[in-house]
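Encoded as structure tokens, the structure appears first; notes follow it.
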Amino acid sequence: MAQSVPHVVVVGAGFAGLEVVKGLKRAPARVTLVDQHNHHTFQPLLYQVAGAQLDAGEVAHQVRAVLRRQANARFLQGTVTAVDWTRKTVRVADPTDPDAAHDLAFDELVVAPGAIYADFGVPGVREHAHFLKSLSEAVNLRSELLRRFETAAAAEARGEAPDPGTLTFAIIGGGPTGVEMAGALAELAHGVLPGDYPDLDLARVRIVLLEMGDALLPPFAPGSQRHARRVLERRGVEVRTGTAVAEVRRDAVVLAGGEVLPAHTTIWAAGVEAHPLAKALGIETTRGGRLVVEDDLTLPGTDGGWAAGDVAATRDDGGRLHPQVAPVAIQHGQHVARAIRAKYAGRPTPAFQYVDKGMMAIIGRNAGVAELSRRLGGLHLRGFVGWLGWLFIHLVYLPGHRNRLGAFVTWAYAYLTRDRHARLITAMEPSPSERTSRTGRLVTQAISAPRSGPEGGPADGPDGARPGGTSRAA
């Protein structure tokens, strides 16, 4: 392909980044997708990896396989450590050697690195809690959960009572991730593991779901919120709304009222914030560190800069920020691809308009909630029908035919046998995104060259550092 065509660099192989690349398949452009990992992770199903229902390979797909039939696209594994808006280059560090880096020139730069978890200033969260933003986090959480049961079984084999916190699992955050994780863990503990641990008193298992607000699933209708709570409580989950967390310790959670909940395993699902790369670009950010964008998703004050996914602060007609969820990221990516094609065709770039199709969450076997948007009829589906709708939509969006087939077969097997095959205690080396999620800082840091823009000056990151990087889009 001729080198005179524009070079589009996309940072992040999450939902938004992949949609940008695929949307430029027939465009007269060269496309380079940069990410720290060689795979795309389907984040909505990470909790099923943690809950021993799906294998890691069933929710991840090789990026190079996705791009195999796209002649104008290439993949580069690496970490973006700096952006020079004047020279229009990004600095990309080698994934195995952060000191080895090179500059990659671009005509258009799409920033789509995703999000990390927000700790809201609660002490101990990033040191002691588990997150669900990367494949390694999900696998390591699964191992942690199973290891607690092994620890309790070993104590009983010695004739000792396990520590009260050994089989207490605290899940902080009553949004979709927290609700889905609580339901999956309840099914694992009460429906699958009794056969593995016949001598272990599983009545000691406590699954405590803590939500600061007054109800679970805050974006959903009150009927769906009540349904989710009833199902979880029937399945043995202690749901505590109106409960704030003051501190997370290695073996306990301290609540705002002073109560100490013994829990050796804490899962943090209380919210997200934009990836630190957003703040490193020297561009105005809004609540949660998201980048302020023009109505066509261009970055103000840049020549060829775009943002998509969890880092882009787009708003609805009422001025509210769009949620940091996969459907928004997918539509961001599709829009940016259309806008870039329009730009090089000499047409005006269109304004982004989010089409809300609704939202859904699964609570467990035969239990789900799905709420269609008004433009799709506004139906609210609960119970078995909501569960089927959730399964169908996630199979449709799961990338790769083999992944879809694998997930479908696994779900069918689990449904018919009430068993889960992925009960392995293994460990994965923490990924760069996992370490970033824990610290809130990028693993690799570099000095960014001054950028042009309304304010000028260097692109300062936290504490004056100029970091950069990529992660999954949520």
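Letters A, B, ... go to the chains of the structure tokens in the order shown; residues in each chain start at 1; ligands are counted from 1 in the same order.
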Practice problem: Identify, with DSSP run on backbone atoms, the residues in segment 235-400 of chain A assigned to helix (DSSP H, G or I), and express the list as a VMD selection string. | Solution: chain A and resid 279 to 281 287 to 289 309 to 311 326 to 344 374 to 376 384 to 397
Quiz prompt | Who sits within 12 Å of Val253 of chain A, only C-alpha atoms, same chain under 6 positions skipped, as a ChimeraX atom specification | solution = /A:122-125,128-129,165,168-172,208-210,243-247,259-268
Exercise. Could you jot down the atom CA of Asn366 of chain A to atom CA of Ser136 of chain A separation for me, Å, one decimal place?
Key: 28.3 Å
Quiz item: Contacts of His227 of chain A at 10 Å or less, counting only C-alpha atoms, minus same-chain residues fewer than 4 places along, as a VMD selection string?
Solution: chain A and resid 216 222 to 223 231 to 232 363 367 to 369 382 to 383
Output N, CA and C atoms for every residue in the selection just made, as a PDB file, in the first residue's frame.
```pdb
ATOM      1  N   LEU A 216     -29.548  -1.702  44.823  1.00  0.00           N
ATOM      2  CA  LEU A 216     -28.640  -2.315  43.868  1.00  0.00           C
ATOM      3  C   LEU A 216     -28.967  -1.817  42.464  1.00  0.00           C
ATOM      4  N   PRO A 222     -36.786   0.662  39.628  1.00  0.00           N
ATOM      5  CA  PRO A 222     -36.958   0.096  40.971  1.00  0.00           C
ATOM      6  C   PRO A 222     -37.395  -1.367  40.963  1.00  0.00           C
ATOM      7  N   GLY A 223     -38.247  -1.760  40.019  1.00  0.00           N
ATOM      8  CA  GLY A 223     -38.679  -3.150  39.968  1.00  0.00           C
ATOM      9  C   GLY A 223     -37.529  -4.100  39.710  1.00  0.00           C
ATOM     10  N   VAL A 231     -33.483 -12.087  44.489  1.00  0.00           N
ATOM     11  CA  VAL A 231     -32.812 -13.283  43.970  1.00  0.00           C
ATOM     12  C   VAL A 231     -31.518 -13.541  44.721  1.00  0.00           C
ATOM     13  N   LEU A 232     -30.720 -12.504  44.916  1.00  0.00           N
ATOM     14  CA  LEU A 232     -29.451 -12.686  45.620  1.00  0.00           C
ATOM     15  C   LEU A 232     -29.668 -13.166  47.052  1.00  0.00           C
ATOM     16  N   ILE A 363     -28.100 -12.127  37.188  1.00  0.00           N
ATOM     17  CA  ILE A 363     -27.979 -12.319  38.635  1.00  0.00           C
ATOM     18  C   ILE A 363     -27.545 -13.746  38.947  1.00  0.00           C
ATOM     19  N   ALA A 367     -31.924 -16.128  36.110  1.00  0.00           N
ATOM     20  CA  ALA A 367     -32.280 -14.843  36.716  1.00  0.00           C
ATOM     21  C   ALA A 367     -31.470 -13.724  36.076  1.00  0.00           C
ATOM     22  N   GLY A 368     -32.174 -12.802  35.460  1.00  0.00           N
ATOM     23  CA  GLY A 368     -31.519 -11.651  34.868  1.00  0.00           C
ATOM     24  C   GLY A 368     -32.496 -10.499  34.761  1.00  0.00           C
ATOM     25  N   VAL A 369     -31.969  -9.325  34.477  1.00  0.00           N
ATOM     26  CA  VAL A 369     -32.815  -8.162  34.228  1.00  0.00           C
ATOM     27  C   VAL A 369     -32.347  -7.501  32.943  1.00  0.00           C
ATOM     28  N   ARG A 382     -37.460  -9.637  33.203  1.00  0.00           N
ATOM     29  CA  ARG A 382     -36.847 -10.113  34.440  1.00  0.00           C
ATOM     30  C   ARG A 382     -36.966 -11.619  34.529  1.00  0.00           C
ATOM     31  N   GLY A 383     -36.106 -12.206  35.358  1.00  0.00           N
ATOM     32  CA  GLY A 383     -36.161 -13.638  35.558  1.00  0.00           C
ATOM     33  C   GLY A 383     -35.571 -14.407  34.394  1.00  0.00           C
TER      34      GLY A 383
END
```
Quiz item: Quick one: of A:Ala221, A:Val34, A:Leu167, A:Ala326, who's nearest to Arg147 of chain A, counting only C-alpha atoms?
Solution: A:Leu167
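Between Tyr415 of chain A and the residues A:Arg365, A:Arg68, A:His401, A:Lys88, the shortest atom-to-atom distance, using only C-alpha atoms, involves A:Arg365.
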Self-check item: Shell around Val92 of chain A at 10 Å using only C-alpha atoms, local window under 6 positions removed, as a list in words
Solution: Val34, Asp35, Gln36, Leu76, Gln77, Gly78, Thr79, Val80, Thr81, Ala82, Val83, Pro98, Ala100, Ala101, His102, Asp103, Leu104, Gly468 and Gly469 of chain A
